[in-house]
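Q: Input file: input17.pdb. Contents: PDB, C-alpha atoms.
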ATOM      1  CA  GLN A   1      61.071 -10.252  19.347
ATOM      2  CA  GLN A   2      61.722 -12.190  16.146
ATOM      3  CA  PRO A   3      62.776 -10.337  13.005
ATOM      4  CA  HIS A   4      60.527 -10.097   9.967
ATOM      5  CA  VAL A   5      62.294 -10.685   6.689
ATOM      6  CA  LEU A   6      61.286  -9.225   3.352
ATOM      7  CA  THR A   7      61.830 -12.152   0.995
ATOM      8  CA  LYS A   8      61.439 -10.374  -2.342
ATOM      9  CA  SER A   9      64.829  -9.735  -3.952
ATOM     10  CA  SER A  10      65.749  -6.566  -5.797
ATOM     11  CA  HIS A  11      68.243  -8.542  -7.898
ATOM     12  CA  THR A  12      67.455  -9.847 -11.352
ATOM     13  CA  SER A  13      68.841 -13.277 -10.369
ATOM     14  CA  PRO A  14      68.134 -15.217  -7.168
ATOM     15  CA  LEU A  15      70.445 -14.890  -4.199
ATOM     16  CA  HIS A  16      72.903 -17.733  -4.393
ATOM     17  CA  PHE A  17      74.666 -17.662  -1.035
ATOM     18  CA  ILE A  18      73.857 -16.694   2.512
ATOM     19  CA  LYS A  19      75.970 -17.078   5.624
ATOM     20  CA  MET A  20      74.797 -16.282   9.127
ATOM     21  CA  HIS A  21      77.106 -14.728  11.702
ATOM     22  CA  ASN A  22      75.739 -15.715  15.106
ATOM     23  CA  ARG A  23      78.400 -14.577  17.543
ATOM     24  CA  HIS A  24      77.709 -10.853  17.946
ATOM     25  CA  HIS A  25      75.003 -10.136  15.390
ATOM     26  CA  LYS A  26      72.392 -12.829  15.689
ATOM     27  CA  TYR A  27      70.018 -11.474  13.072
ATOM     28  CA  CYS A  28      72.501  -9.934  10.658
ATOM     29  CA  PRO A  29      73.436 -12.193   7.726
ATOM     30  CA  LEU A  30      76.005 -11.679   5.018
ATOM     31  CA  PHE A  31      74.721 -12.520   1.568
ATOM     32  CA  VAL A  32      75.766 -12.313  -2.045
ATOM     33  CA  GLY A  33      73.441 -11.756  -4.972
ATOM     34  CA  LYS A  34      73.839 -11.432  -8.711
ATOM     35  CA  GLY A  35      72.943  -7.903  -9.725
ATOM     36  CA  ASP A  36      71.886  -6.384 -13.034
ATOM     37  CA  ALA A  37      74.718  -6.606 -15.588
ATOM     38  CA  THR A  38      73.161  -3.843 -17.690
ATOM     39  CA  THR A  39      73.159  -1.151 -14.997
ATOM     40  CA  GLN A  40      75.825  -2.179 -12.478
ATOM     41  CA  SER A  41      79.608  -2.428 -12.607
ATOM     42  CA  PRO A  42      81.245  -5.810 -11.894
ATOM     43  CA  GLN A  43      82.181  -4.582  -8.393
ATOM     44  CA  GLN A  44      78.575  -3.575  -7.640
ATOM     45  CA  ARG A  45      77.184  -6.798  -9.120
ATOM     46  CA  ASN A  46      79.460  -8.933  -6.984
ATOM     47  CA  ALA A  47      79.160  -6.978  -3.764
ATOM     48  CA  ILE A  48      78.681  -8.657  -0.375
ATOM     49  CA  HIS A  49      75.783  -7.271   1.644
ATOM     50  CA  TYR A  50      75.516  -7.078   5.419
ATOM     51  CA  MET A  51      71.841  -6.924   6.354
ATOM     52  CA  SER A  52      69.779  -6.293   9.469
ATOM     53  CA  MET A  53      66.848  -8.704   9.527
ATOM     54  CA  TYR A  54      65.034  -6.631  12.148
ATOM     55  CA  ASP A  55      64.225  -3.765   9.804
ATOM     56  CA  ASN A  56      65.276  -5.218   6.413
ATOM     57  CA  LYS A  57      68.044  -2.682   5.890
ATOM     58  CA  ILE A  58      71.449  -3.126   4.320
ATOM     59  CA  LEU A  59      73.939  -2.013   6.948
ATOM     60  CA  ARG A  60      77.028  -2.179   4.741
ATOM     61  CA  ASN A  61      78.108  -3.204   1.263
ATOM     62  CA  PHE A  62      81.513  -4.745   0.632
ATOM     63  CA  THR A  63      82.740  -4.133  -2.900
ATOM     64  CA  GLY A  64      85.974  -5.077  -4.615
ATOM     65  CA  HIS A  65      85.505  -8.427  -6.324
ATOM     66  CA  SER A  66      85.074  -8.250 -10.082
ATOM     67  CA  GLY A  67      83.968 -11.884 -10.505
ATOM     68  CA  GLU A  68      81.205 -14.023  -9.053
ATOM     69  CA  ILE A  69      81.814 -14.845  -5.386
ATOM     70  CA  THR A  70      82.235 -18.575  -4.839
ATOM     71  CA  GLY A  71      82.077 -18.609  -1.044
ATOM     72  CA  LEU A  72      82.127 -16.776   2.278
ATOM     73  CA  SER A  73      83.609 -17.966   5.562
ATOM     74  CA  MET A  74      83.035 -16.233   8.888
ATOM     75  CA  ASN A  75      85.701 -16.201  11.580
ATOM     76  CA  PRO A  76      84.073 -17.871  14.625
ATOM     77  CA  ILE A  77      85.889 -15.675  17.162
ATOM     78  CA  ASP A  78      85.725 -12.149  15.731
ATOM     79  CA  ASP A  79      84.091  -9.971  13.068
ATOM     80  CA  CYS A  80      86.368 -10.928  10.182
ATOM     81  CA  PHE A  81      85.294 -12.984   7.182
ATOM     82  CA  LEU A  82      86.817 -14.339   3.987
ATOM     83  CA  SER A  83      85.431 -14.107   0.473
ATOM     84  CA  ALA A  84      86.621 -16.102  -2.529
ATOM     85  CA  SER A  85      85.793 -15.127  -6.084
ATOM     86  CA  ALA A  86      86.024 -16.193  -9.697
ATOM     87  CA  ASP A  87      88.297 -13.160 -10.172
ATOM     88  CA  ARG A  88      90.961 -15.411  -8.552
ATOM     89  CA  LYS A  89      91.187 -13.274  -5.447
ATOM     90  CA  VAL A  90      90.574 -14.085  -1.787
ATOM     91  CA  ARG A  91      89.810 -11.084   0.406
ATOM     92  CA  LEU A  92      89.769 -10.672   4.175
ATOM     93  CA  TRP A  93      87.165  -8.248   5.569
ATOM     94  CA  ASN A  94      85.818  -6.934   8.851
ATOM     95  CA  ILE A  95      82.081  -6.317   9.055
ATOM     96  CA  GLN A  96      82.742  -3.038  10.897
ATOM     97  CA  GLN A  97      84.450  -1.403   7.907
ATOM     98  CA  ALA A  98      83.757  -1.311   4.184
ATOM     99  CA  GLY A  99      87.268  -1.747   2.773
ATOM    100  CA  CYS A 100      88.999  -5.115   2.779
ATOM    101  CA  LEU A 101      91.813  -5.781   5.247
ATOM    102  CA  ALA A 102      93.881  -7.863   2.849
ATOM    103  CA  GLU A 103      93.790  -9.307  -0.663
ATOM    104  CA  LEU A 104      95.389 -12.602  -1.603
ATOM    105  CA  THR A 105      96.285 -13.296  -5.216
ATOM    106  CA  LEU A 106      96.556 -16.952  -6.146
ATOM    107  CA  PRO A 107     100.100 -18.213  -6.717
ATOM    108  CA  ALA A 108     101.585 -18.952 -10.110
ATOM    109  CA  GLY A 109     100.808 -22.445 -11.299
ATOM    110  CA  SER A 110      97.152 -22.249 -10.273
ATOM    111  CA  GLU A 111      94.067 -21.533 -12.327
ATOM    112  CA  GLY A 112      90.318 -21.393 -11.847
ATOM    113  CA  SER A 113      88.290 -20.159  -8.892
ATOM    114  CA  PRO A 114      89.568 -20.470  -5.311
ATOM    115  CA  HIS A 115      87.813 -21.579  -2.138
ATOM    116  CA  ALA A 116      88.636 -20.372   1.365
ATOM    117  CA  CYS A 117      87.563 -21.129   4.939
ATOM    118  CA  PHE A 118      88.473 -20.520   8.574
ATOM    119  CA  ASP A 119      89.023 -23.394  10.983
ATOM    120  CA  SER A 120      86.942 -23.770  14.158
ATOM    121  CA  THR A 121      89.433 -21.759  16.242
ATOM    122  CA  GLY A 122      89.530 -18.795  13.868
ATOM    123  CA  LEU A 123      93.329 -18.866  14.045
ATOM    124  CA  VAL A 124      93.955 -20.636  10.737
ATOM    125  CA  PHE A 125      92.407 -20.323   7.314
ATOM    126  CA  GLY A 126      92.892 -22.385   4.188
ATOM    127  CA  VAL A 127      92.789 -21.461   0.518
ATOM    128  CA  ALA A 128      92.428 -24.040  -2.255
ATOM    129  CA  ALA A 129      92.713 -23.612  -6.025
ATOM    130  CA  PRO A 130      93.138 -25.911  -9.034
ATOM    131  CA  MET A 131      96.627 -26.357 -10.478
ATOM    132  CA  ALA A 132      97.244 -25.610 -14.130
ATOM    133  CA  GLY A 133      96.567 -28.337 -16.637
ATOM    134  CA  ILE A 134      94.025 -30.149 -14.434
ATOM    135  CA  SER A 135      96.995 -31.693 -12.642
ATOM    136  CA  GLY A 136      95.619 -31.364  -9.128
ATOM    137  CA  HIS A 137      94.951 -28.776  -6.446
ATOM    138  CA  LEU A 138      96.947 -26.414  -4.254
ATOM    139  CA  ILE A 139      95.945 -25.954  -0.616
ATOM    140  CA  ASN A 140      97.685 -23.198   1.336
ATOM    141  CA  LEU A 141      97.252 -22.729   5.095
ATOM    142  CA  TYR A 142      97.665 -19.321   6.743
ATOM    143  CA  ASP A 143      97.985 -18.011  10.282
ATOM    144  CA  ALA A 144      95.071 -15.576  10.607
ATOM    145  CA  ARG A 145      97.210 -13.339  12.833
ATOM    146  CA  LYS A 146     100.234 -13.303  10.486
ATOM    147  CA  TYR A 147      98.712 -13.778   7.049
ATOM    148  CA  ASP A 148     100.974 -11.089   5.550
ATOM    149  CA  GLY A 149     103.915 -13.444   6.078
ATOM    150  CA  GLY A 150     102.511 -15.901   3.551
ATOM    151  CA  ALA A 151     101.324 -19.478   3.937
ATOM    152  CA  PHE A 152     102.889 -21.581   6.702
ATOM    153  CA  ALA A 153     102.003 -24.755   4.794
ATOM    154  CA  GLU A 154     101.767 -25.272   1.030
ATOM    155  CA  LEU A 155     100.118 -28.574   0.151
ATOM    156  CA  LYS A 156      99.746 -30.143  -3.283
ATOM    157  CA  LEU A 157      97.217 -32.842  -4.096
ATOM    158  CA  ALA A 158      97.846 -34.493  -7.454
ATOM    159  CA  ARG A 159      94.889 -35.482  -9.618
ATOM    160  CA  THR A 160      96.343 -38.989  -9.938
ATOM    161  CA  SER A 161      96.253 -39.353  -6.129
ATOM    162  CA  ILE A 162      92.579 -38.388  -6.107
ATOM    163  CA  GLU A 163      91.834 -40.837  -8.908
ATOM    164  CA  LYS A 164      93.639 -43.657  -7.075
ATOM    165  CA  ALA A 165      91.763 -42.954  -3.820
ATOM    166  CA  ILE A 166      88.401 -42.966  -5.631
ATOM    167  CA  HIS A 167      89.243 -46.175  -7.493
ATOM    168  CA  ASN A 168      90.282 -47.827  -4.188
ATOM    169  CA  LYS A 169      86.732 -47.204  -2.910
ATOM    170  CA  GLY A 170      85.424 -49.573  -5.570
ATOM    171  CA  VAL A 171      84.552 -47.003  -8.217
ATOM    172  CA  ALA A 172      85.047 -48.102 -11.829
ATOM    173  CA  PRO A 173      88.288 -46.785 -13.408
ATOM    174  CA  GLU A 174      86.507 -44.645 -16.022
ATOM    175  CA  LEU A 175      84.271 -43.015 -13.424
ATOM    176  CA  ALA A 176      87.202 -42.583 -11.007
ATOM    177  CA  MET A 177      89.103 -40.639 -13.669
ATOM    178  CA  GLU A 178      86.039 -38.513 -14.416
ATOM    179  CA  LEU A 179      85.433 -37.726 -10.741
ATOM    180  CA  SER A 180      89.101 -36.848 -10.145
ATOM    181  CA  ASN A 181      88.753 -34.080 -12.750
ATOM    182  CA  THR A 182      85.539 -32.616 -11.372
ATOM    183  CA  GLU A 183      85.459 -29.059 -10.065
ATOM    184  CA  TRP A 184      85.649 -28.449  -6.314
ATOM    185  CA  THR A 185      82.734 -26.469  -4.874
ATOM    186  CA  SER A 186      83.609 -25.915  -1.193
ATOM    187  CA  LEU A 187      86.303 -26.333   1.452
ATOM    188  CA  ARG A 188      85.895 -26.616   5.235
ATOM    189  CA  PHE A 189      87.760 -27.846   8.313
ATOM    190  CA  ASN A 190      86.447 -30.342  10.824
ATOM    191  CA  THR A 191      86.214 -29.251  14.459
ATOM    192  CA  SER A 192      89.673 -30.506  15.449
ATOM    193  CA  GLY A 193      91.301 -28.996  12.378
ATOM    194  CA  LYS A 194      92.949 -32.306  11.562
ATOM    195  CA  GLN A 195      90.904 -32.857   8.414
ATOM    196  CA  LEU A 196      89.526 -30.829   5.527
ATOM    197  CA  LEU A 197      86.307 -31.703   3.740
ATOM    198  CA  VAL A 198      86.179 -30.856   0.053
ATOM    199  CA  THR A 199      82.933 -31.089  -1.888
ATOM    200  CA  ALA A 200      82.816 -31.269  -5.660
ATOM    201  CA  ASN A 201      80.536 -31.660  -8.628
ATOM    202  CA  LYS A 202      79.008 -35.028  -9.541
ATOM    203  CA  GLY A 203      78.246 -35.931  -5.923
ATOM    204  CA  LEU A 204      81.859 -36.198  -4.710
ATOM    205  CA  ALA A 205      83.400 -35.323  -1.341
ATOM    206  CA  LEU A 206      86.977 -35.875  -0.141
ATOM    207  CA  ALA A 207      88.257 -35.960   3.440
ATOM    208  CA  LEU A 208      91.840 -34.663   3.361
ATOM    209  CA  ASP A 209      94.546 -34.803   5.990
ATOM    210  CA  GLY A 210      94.884 -31.307   7.447
ATOM    211  CA  PHE A 211      98.665 -31.594   7.753
ATOM    212  CA  ASP A 212      99.840 -33.067   4.445
ATOM    213  CA  GLY A 213      96.748 -32.847   2.199
ATOM    214  CA  THR A 214      96.559 -36.556   1.375
ATOM    215  CA  VAL A 215      93.160 -38.151   0.753
ATOM    216  CA  ASN A 216      91.916 -39.912   3.900
ATOM    217  CA  ASN A 217      88.520 -40.883   2.559
ATOM    218  CA  VAL A 218      86.186 -40.607  -0.410
ATOM    219  CA  PHE A 219      82.409 -40.152  -0.279
ATOM    220  CA  VAL A 220      80.128 -40.406  -3.307
ATOM    221  CA  GLY A 221      76.470 -39.424  -3.108
ATOM    222  CA  GLU A 222      73.406 -41.046  -4.643
ATOM    223  CA  GLY A 223      71.852 -40.040  -7.954
ATOM    224  CA  ALA A 224      68.235 -39.092  -8.512
ATOM    225  CA  SER A 225      67.297 -42.716  -9.180
ATOM    226  CA  PRO A 226      68.935 -46.131  -8.629
ATOM    227  CA  GLY A 227      71.831 -46.804 -10.970
ATOM    228  CA  VAL A 228      72.084 -43.179 -12.105
ATOM    229  CA  PRO A 229      75.253 -41.378 -10.922
ATOM    230  CA  PRO A 230      74.844 -37.932  -9.357
ATOM    231  CA  THR A 231      75.326 -34.890 -11.574
ATOM    232  CA  GLN A 232      75.115 -32.039  -9.044
ATOM    233  CA  PRO A 233      77.566 -30.853  -6.361
ATOM    234  CA  LEU A 234      77.415 -32.776  -3.102
ATOM    235  CA  ALA A 235      76.306 -30.799  -0.040
ATOM    236  CA  ALA A 236      78.284 -32.276   2.863
ATOM    237  CA  CYS A 237      79.635 -31.458   6.315
ATOM    238  CA  PHE A 238      81.263 -33.011   9.364
ATOM    239  CA  THR A 239      79.289 -33.474  12.571
ATOM    240  CA  PRO A 240      80.721 -31.447  15.504
ATOM    241  CA  ASP A 241      82.317 -34.574  17.058
ATOM    242  CA  ASP A 242      84.169 -35.265  13.770
ATOM    243  CA  LYS A 243      82.886 -38.851  13.756
ATOM    244  CA  THR A 244      80.409 -38.596  10.883
ATOM    245  CA  VAL A 245      80.188 -36.988   7.454
ATOM    246  CA  LEU A 246      76.702 -36.047   6.238
ATOM    247  CA  GLY A 247      75.952 -35.769   2.537
ATOM    248  CA  GLY A 248      72.789 -34.671   0.739
ATOM    249  CA  ASN A 249      71.741 -36.934  -2.129
ATOM    250  CA  GLU A 250      69.834 -36.245  -5.328
ATOM    251  CA  ASP A 251      67.197 -38.851  -4.415
ATOM    252  CA  GLY A 252      66.169 -36.802  -1.354
ATOM    253  CA  THR A 253      68.060 -38.831   1.249
ATOM    254  CA  ILE A 254      70.972 -37.844   3.480
ATOM    255  CA  SER A 255      73.869 -40.282   3.753
ATOM    256  CA  CYS A 256      75.625 -40.610   7.100
ATOM    257  CA  TRP A 257      79.153 -41.972   6.677
ATOM    258  CA  ASN A 258      81.706 -42.945   9.302
ATOM    259  CA  ALA A 259      84.357 -40.246   8.899
ATOM    260  CA  THR A 260      87.212 -42.667   9.635
ATOM    261  CA  THR A 261      86.236 -45.781   7.680
ATOM    262  CA  GLY A 262      83.940 -44.232   5.071
ATOM    263  CA  LYS A 263      81.298 -46.866   5.843
ATOM    264  CA  LEU A 264      77.684 -45.848   5.270
ATOM    265  CA  LEU A 265      76.010 -45.901   8.693
ATOM    266  CA  ARG A 266      72.459 -44.947   7.744
ATOM    267  CA  LYS A 267      70.310 -42.810   5.484
ATOM    268  CA  LEU A 268      67.850 -40.154   6.555
ATOM    269  CA  GLU A 269      64.701 -40.028   4.433
ATOM    270  CA  GLY A 270      62.079 -37.332   4.140
ATOM    271  CA  HIS A 271      62.940 -34.897   1.360
ATOM    272  CA  VAL A 272      61.111 -34.889  -1.952
ATOM    273  CA  GLY A 273      64.035 -33.741  -4.107
ATOM    274  CA  ARG A 274      67.771 -33.177  -4.194
ATOM    275  CA  VAL A 275      69.173 -32.139  -0.808
ATOM    276  CA  GLY A 276      71.211 -29.079  -1.728
ATOM    277  CA  CYS A 277      72.167 -27.932   1.757
ATOM    278  CA  VAL A 278      73.177 -29.760   4.943
ATOM    279  CA  ALA A 279      74.351 -28.106   8.171
ATOM    280  CA  VAL A 280      74.798 -29.134  11.790
ATOM    281  CA  ASN A 281      74.177 -27.317  15.048
ATOM    282  CA  PRO A 282      77.589 -26.876  16.732
ATOM    283  CA  LYS A 283      76.087 -27.136  20.242
ATOM    284  CA  TYR A 284      73.090 -29.446  20.013
ATOM    285  CA  ALA A 285      72.430 -32.769  18.276
ATOM    286  CA  GLN A 286      70.522 -31.214  15.396
ATOM    287  CA  ILE A 287      70.870 -31.306  11.613
ATOM    288  CA  ALA A 288      69.307 -28.810   9.207
ATOM    289  CA  SER A 289      68.788 -29.760   5.575
ATOM    290  CA  ALA A 290      66.910 -28.335   2.625
ATOM    291  CA  CYS A 291      65.664 -29.214  -0.817
ATOM    292  CA  THR A 292      62.514 -27.381  -1.896
ATOM    293  CA  ASN A 293      61.470 -27.652   1.756
ATOM    294  CA  PRO A 294      63.615 -27.367   4.897
ATOM    295  CA  ALA A 295      63.874 -30.042   7.591
ATOM    296  CA  LEU A 296      65.288 -30.189  11.110
ATOM    297  CA  TRP A 297      66.559 -33.542  12.425
ATOM    298  CA  ILE A 298      67.424 -34.709  15.940
ATOM    299  CA  TRP A 299      70.689 -36.636  15.759
TER     300      TRP A 299
END
Would you encode the structure as structure tokens?

A:
Amino acid sequence: QQPHVLTKSSHTSPLHFIKMHNRHHKYCPLFVGKGDATTQSPQQRNAIHYMSMYDNKILRNFTGHSGEITGLSMNPIDDCFLSASADRKVRLWNIQQAGCLAELTLPAGSEGSPHACFDSTGLVFGVAAPMAGISGHLINLYDARKYDGGAFAELKLARTSIEKAIHNKGVAPELAMELSNTEWTSLRFNTSGKQLLVTANKGLALALDGFDGTVNNVFVGEGASPGVPPTQPLAACFTPDDKTVLGGNEDGTISCWNATTGKLLRKLEGHVGRVGCVAVNPKYAQIASACTNPALWIW
């Protein structure tokens, strides 16, 4: 029996993030919504909700963040998940209990909102945050079994290194400098864990070395019309074989880049507007994408 979902939101603002957990709870998503600032505390407004789609009931609320949540990442092997927030905290949770298991405060020398994600094994997670003075980004890697011992790797990526890598891809110097300063919007590992994919505003994505944090490749999306640079964050992901990076463009296409060389292999056409979400099936050769309408592609 398929679940029936009540789509009307009780929040005053639209839901802005949803993450499915498919291992044990096939029809139970985690989602974050912006509540009513006039009647709710910051912790209530920025709660994470665990919902049963069978009967449209909230099974559990996870409260603690006082700022807008910038991302969730589910551990692929157990019931733990990470949340990152504009309150400059990263929290580790278990869906079976309401209180968080651990809270990570960003190190000195960082500023802005963090991003966090588990790798494909669930044994490592990464946390990224901007360095003070727009000088670059910090990326810390943690053992998920020994996170209380601190990061086992502390990587620093200088803004000048990002700018140089973008310029080396043929981007004009002025635009390369502008893109190197743009805000990061997500962080994720590839399947092997050897690379990290960072997405950012203005249609930018960076493939980083998972061991030293250096820039391996740069990907820049397409604007809404020819000759117009993108203005929105790039939605991008690795394919499960780590050979291709997919990126949603503002002109409704999806770029397929070679993950090693950065060469554009092809474009998928079919959307009528900006592609704001791209995801791949980890088991089958399928791609899901969405603008104002969703699409399913056979790879």

Q: List the residues selected by the PyMOL selection byres ((chain A and resi 195) around 9) in the file shown, writing them as an mmCIF file with C-alpha atoms, in the frame of the given file.

A:
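Output file selection.cif follows:
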data_model
loop_
_atom_site.group_PDB
_atom_site.id
_atom_site.type_symbol
_atom_site.label_atom_id
_atom_site.label_comp_id
_atom_site.auth_asym_id
_atom_site.auth_seq_id
_atom_site.Cartn_x
_atom_site.Cartn_y
_atom_site.Cartn_z
ATOM 1 C CA ARG A 188 85.895 -26.616 5.235
ATOM 2 C CA PHE A 189 87.760 -27.846 8.313
ATOM 3 C CA ASN A 190 86.447 -30.342 10.824
ATOM 4 C CA THR A 191 86.214 -29.251 14.459
ATOM 5 C CA SER A 192 89.673 -30.506 15.449
ATOM 6 C CA GLY A 193 91.301 -28.996 12.378
ATOM 7 C CA LYS A 194 92.949 -32.306 11.562
ATOM 8 C CA LEU A 196 89.526 -30.829 5.527
ATOM 9 C CA LEU A 197 86.307 -31.703 3.740
ATOM 10 C CA ALA A 207 88.257 -35.960 3.440
ATOM 11 C CA LEU A 208 91.840 -34.663 3.361
ATOM 12 C CA ASP A 209 94.546 -34.803 5.990
ATOM 13 C CA GLY A 210 94.884 -31.307 7.447
ATOM 14 C CA PHE A 211 98.665 -31.594 7.753
ATOM 15 C CA GLY A 213 96.748 -32.847 2.199
ATOM 16 C CA ASN A 216 91.916 -39.912 3.900
ATOM 17 C CA ASP A 242 84.169 -35.265 13.770
#

Q: Extract, using all atoms listed in the file, all DNA, RNA and protein residues at most 12 Å from A:Asn293, discarding same-chain residues fewer than 4 positions from it, and format them as a ChimeraX atom specification.

A: /A:252,270-277,288-289

Q: Can you list what the PyMOL selection byres ((chain A and resi 259) around 8) grabs from this structure, as a VMD selection string?

A: chain A and resid 207 217 238 242 to 245 257 to 258 260 to 263

Q: Could you take the residues named above and write them with C-alpha atoms, as a compact mmCIF listing (two decimals), in the coordinates of the input?

A:
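Listing of selection03.txt after writing:
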# COMPACT_ATOMS: atom_id res chain seq x y z
CA ALA A 207 88.26 -35.96 3.44
CA ASN A 217 88.52 -40.88 2.56
CA PHE A 238 81.26 -33.01 9.36
CA ASP A 242 84.17 -35.26 13.77
CA LYS A 243 82.89 -38.85 13.76
CA THR A 244 80.41 -38.60 10.88
CA VAL A 245 80.19 -36.99 7.45
CA TRP A 257 79.15 -41.97 6.68
CA ASN A 258 81.71 -42.94 9.30
CA THR A 260 87.21 -42.67 9.64
CA THR A 261 86.24 -45.78 7.68
CA GLY A 262 83.94 -44.23 5.07
CA LYS A 263 81.30 -46.87 5.84

Q: If the PyMOL selection byres ((chain A and resi 221-236) around 6) is run on the structure shown, which residues does it catch, given as a list in words?

A: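 When the PyMOL selection byres ((chain A and resi 221-236) around 6) is applied to the shown file, the picked residues are Thr199, Ala200, Asn201, Lys202, Gly203, Leu204, Val220, Cys237, Leu246, Gly247, Gly248, Asn249, Glu250, Asp251, Gly276, Cys277 and Val278 of chain A.
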
Q: Which residues, written as a PyMOL selection string, have at least one atom at most 9 Å from A:Ile48, with only C-alpha atoms counted and residues fewer than 6 positions away on the same chain left out?

A: chain A and resi 30-33+60-63+69+83

Q: Between atom CA of A:Ser66 and atom CA of A:Ala132, what is the distance, to one decimal in Å?

A: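 So the answer is 21.6 Å.
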
Q: Counting only C-alpha atoms, select every polymer residue within 10 Å of (84.5, -12.4, 11.1) as defined in the file's coordinates, and provide the selection as a list in words.

A: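 Residues satisfying the cut-off, written out: His21, Arg23, His24, Ser73, Met74, Asn75, Pro76, Ile77, Asp78, Asp79, Cys80, Phe81, Leu82, Leu92, Trp93, Asn94, Ile95, Gln96, Phe118 and Gly122 of chain A.
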
Q: Can I get the selection written as a PDB file, keeping the file's coordinate frame, with C-alpha atoms?

A:
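Saved to again-v1.pdb:
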ATOM      1  CA  HIS A  21      77.106 -14.728  11.702  1.00  0.00           C
ATOM      2  CA  ARG A  23      78.400 -14.577  17.543  1.00  0.00           C
ATOM      3  CA  HIS A  24      77.709 -10.853  17.946  1.00  0.00           C
ATOM      4  CA  SER A  73      83.609 -17.966   5.562  1.00  0.00           C
ATOM      5  CA  MET A  74      83.035 -16.233   8.888  1.00  0.00           C
ATOM      6  CA  ASN A  75      85.701 -16.201  11.580  1.00  0.00           C
ATOM      7  CA  PRO A  76      84.073 -17.871  14.625  1.00  0.00           C
ATOM      8  CA  ILE A  77      85.889 -15.675  17.162  1.00  0.00           C
ATOM      9  CA  ASP A  78      85.725 -12.149  15.731  1.00  0.00           C
ATOM     10  CA  ASP A  79      84.091  -9.971  13.068  1.00  0.00           C
ATOM     11  CA  CYS A  80      86.368 -10.928  10.182  1.00  0.00           C
ATOM     12  CA  PHE A  81      85.294 -12.984   7.182  1.00  0.00           C
ATOM     13  CA  LEU A  82      86.817 -14.339   3.987  1.00  0.00           C
ATOM     14  CA  LEU A  92      89.769 -10.672   4.175  1.00  0.00           C
ATOM     15  CA  TRP A  93      87.165  -8.248   5.569  1.00  0.00           C
ATOM     16  CA  ASN A  94      85.818  -6.934   8.851  1.00  0.00           C
ATOM     17  CA  ILE A  95      82.081  -6.317   9.055  1.00  0.00           C
ATOM     18  CA  GLN A  96      82.742  -3.038  10.897  1.00  0.00           C
ATOM     19  CA  PHE A 118      88.473 -20.520   8.574  1.00  0.00           C
ATOM     20  CA  GLY A 122      89.530 -18.795  13.868  1.00  0.00           C
TER      21      GLY A 122
END

Q: I'd like to know which of A:Cys291, A:Met51, A:Met177, A:Ala116 is closest to A:Pro29, using all atoms listed in the file.

A: A:Met51

Q: Rounded to one decimal, what separation in Å do you get between atom CA of A:Phe219 and atom CA of A:Phe152?

A: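 Separating atom CA of A:Phe219 from atom CA of A:Phe152 is a distance of 28.5 Å.
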
Q: Here is a test: counting only C-alpha atoms, which residue of A:Gly136, A:Leu106, A:Ser120, A:Ala172 is nearest to A:Gly150?

A: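 Looking only at the distances to A:Gly150, the closest residue turns out to be A:Leu106.
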
Q: Do you have the atom CA of A:Arg159-atom CA of A:Gly112 distance handy?

A: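 Distance between the two atoms: 15.0 Å.
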
Q: Which one of A:Leu265, A:Ile166, A:Ala86, A:Ala279 sits closest to A:Ala129 if you count only C-alpha atoms?

A: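 Closest candidate: A:Ala86.
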
Q: Would you list the contacts of A:Lys156 as a short mmCIF file (atom, residue, chain, number, x, y, z; two decimals) with C-alpha atoms, in the frame of the given file, taking every protein, DNA or RNA residue within 7 Å and counting all atoms listed in the file, but skipping same-chain residues closer than 5 positions in sequence?

A:
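That gives us out-v7.cif:
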data_model
loop_
_atom_site.label_atom_id
_atom_site.label_comp_id
_atom_site.auth_asym_id
_atom_site.auth_seq_id
_atom_site.Cartn_x
_atom_site.Cartn_y
_atom_site.Cartn_z
CA HIS A 137 94.95 -28.78 -6.45
CA LEU A 138 96.95 -26.41 -4.25
CA ILE A 139 95.94 -25.95 -0.62
CA GLY A 213 96.75 -32.85 2.20
#

Q: Return the padded bounding box of stretch 293-298 of chain A as JSON: axis-aligned, built from all atoms listed in the file, 6 Å added on each side, with centre and edge lengths in Å to one decimal.

A:
{"center_x": 64.4, "center_y": -31.0, "center_z": 8.8, "size_x": 18.0, "size_y": 19.3, "size_z": 26.2}

Q: Only C-alpha atoms, please: stretch 200-219 of chain A from the block, as a PDB file, in the first residue's frame.

A:
ATOM      1  CA  ALA A 200      27.873  27.304  -4.191  1.00  0.00           C
ATOM      2  CA  ASN A 201      25.921  30.333  -5.276  1.00  0.00           C
ATOM      3  CA  LYS A 202      26.194  31.723  -8.811  1.00  0.00           C
ATOM      4  CA  GLY A 203      26.169  28.275 -10.424  1.00  0.00           C
ATOM      5  CA  LEU A 204      29.508  27.053  -9.027  1.00  0.00           C
ATOM      6  CA  ALA A 205      30.601  23.573  -7.941  1.00  0.00           C
ATOM      7  CA  LEU A 206      34.048  22.403  -6.804  1.00  0.00           C
ATOM      8  CA  ALA A 207      35.397  18.847  -6.701  1.00  0.00           C
ATOM      9  CA  LEU A 208      37.872  18.691  -3.809  1.00  0.00           C
ATOM     10  CA  ASP A 209      40.437  16.064  -2.929  1.00  0.00           C
ATOM     11  CA  GLY A 210      39.096  14.136   0.062  1.00  0.00           C
ATOM     12  CA  PHE A 211      42.541  13.813   1.640  1.00  0.00           C
ATOM     13  CA  ASP A 212      44.107  17.272   1.372  1.00  0.00           C
ATOM     14  CA  GLY A 213      41.189  19.516   0.322  1.00  0.00           C
ATOM     15  CA  THR A 214      42.799  20.843  -2.859  1.00  0.00           C
ATOM     16  CA  VAL A 215      40.591  21.732  -5.828  1.00  0.00           C
ATOM     17  CA  ASN A 216      40.542  18.875  -8.357  1.00  0.00           C
ATOM     18  CA  ASN A 217      37.991  20.390 -10.697  1.00  0.00           C
ATOM     19  CA  VAL A 218      35.666  23.331 -11.233  1.00  0.00           C
ATOM     20  CA  PHE A 219      32.165  23.198 -12.721  1.00  0.00           C
TER      21      PHE A 219
END
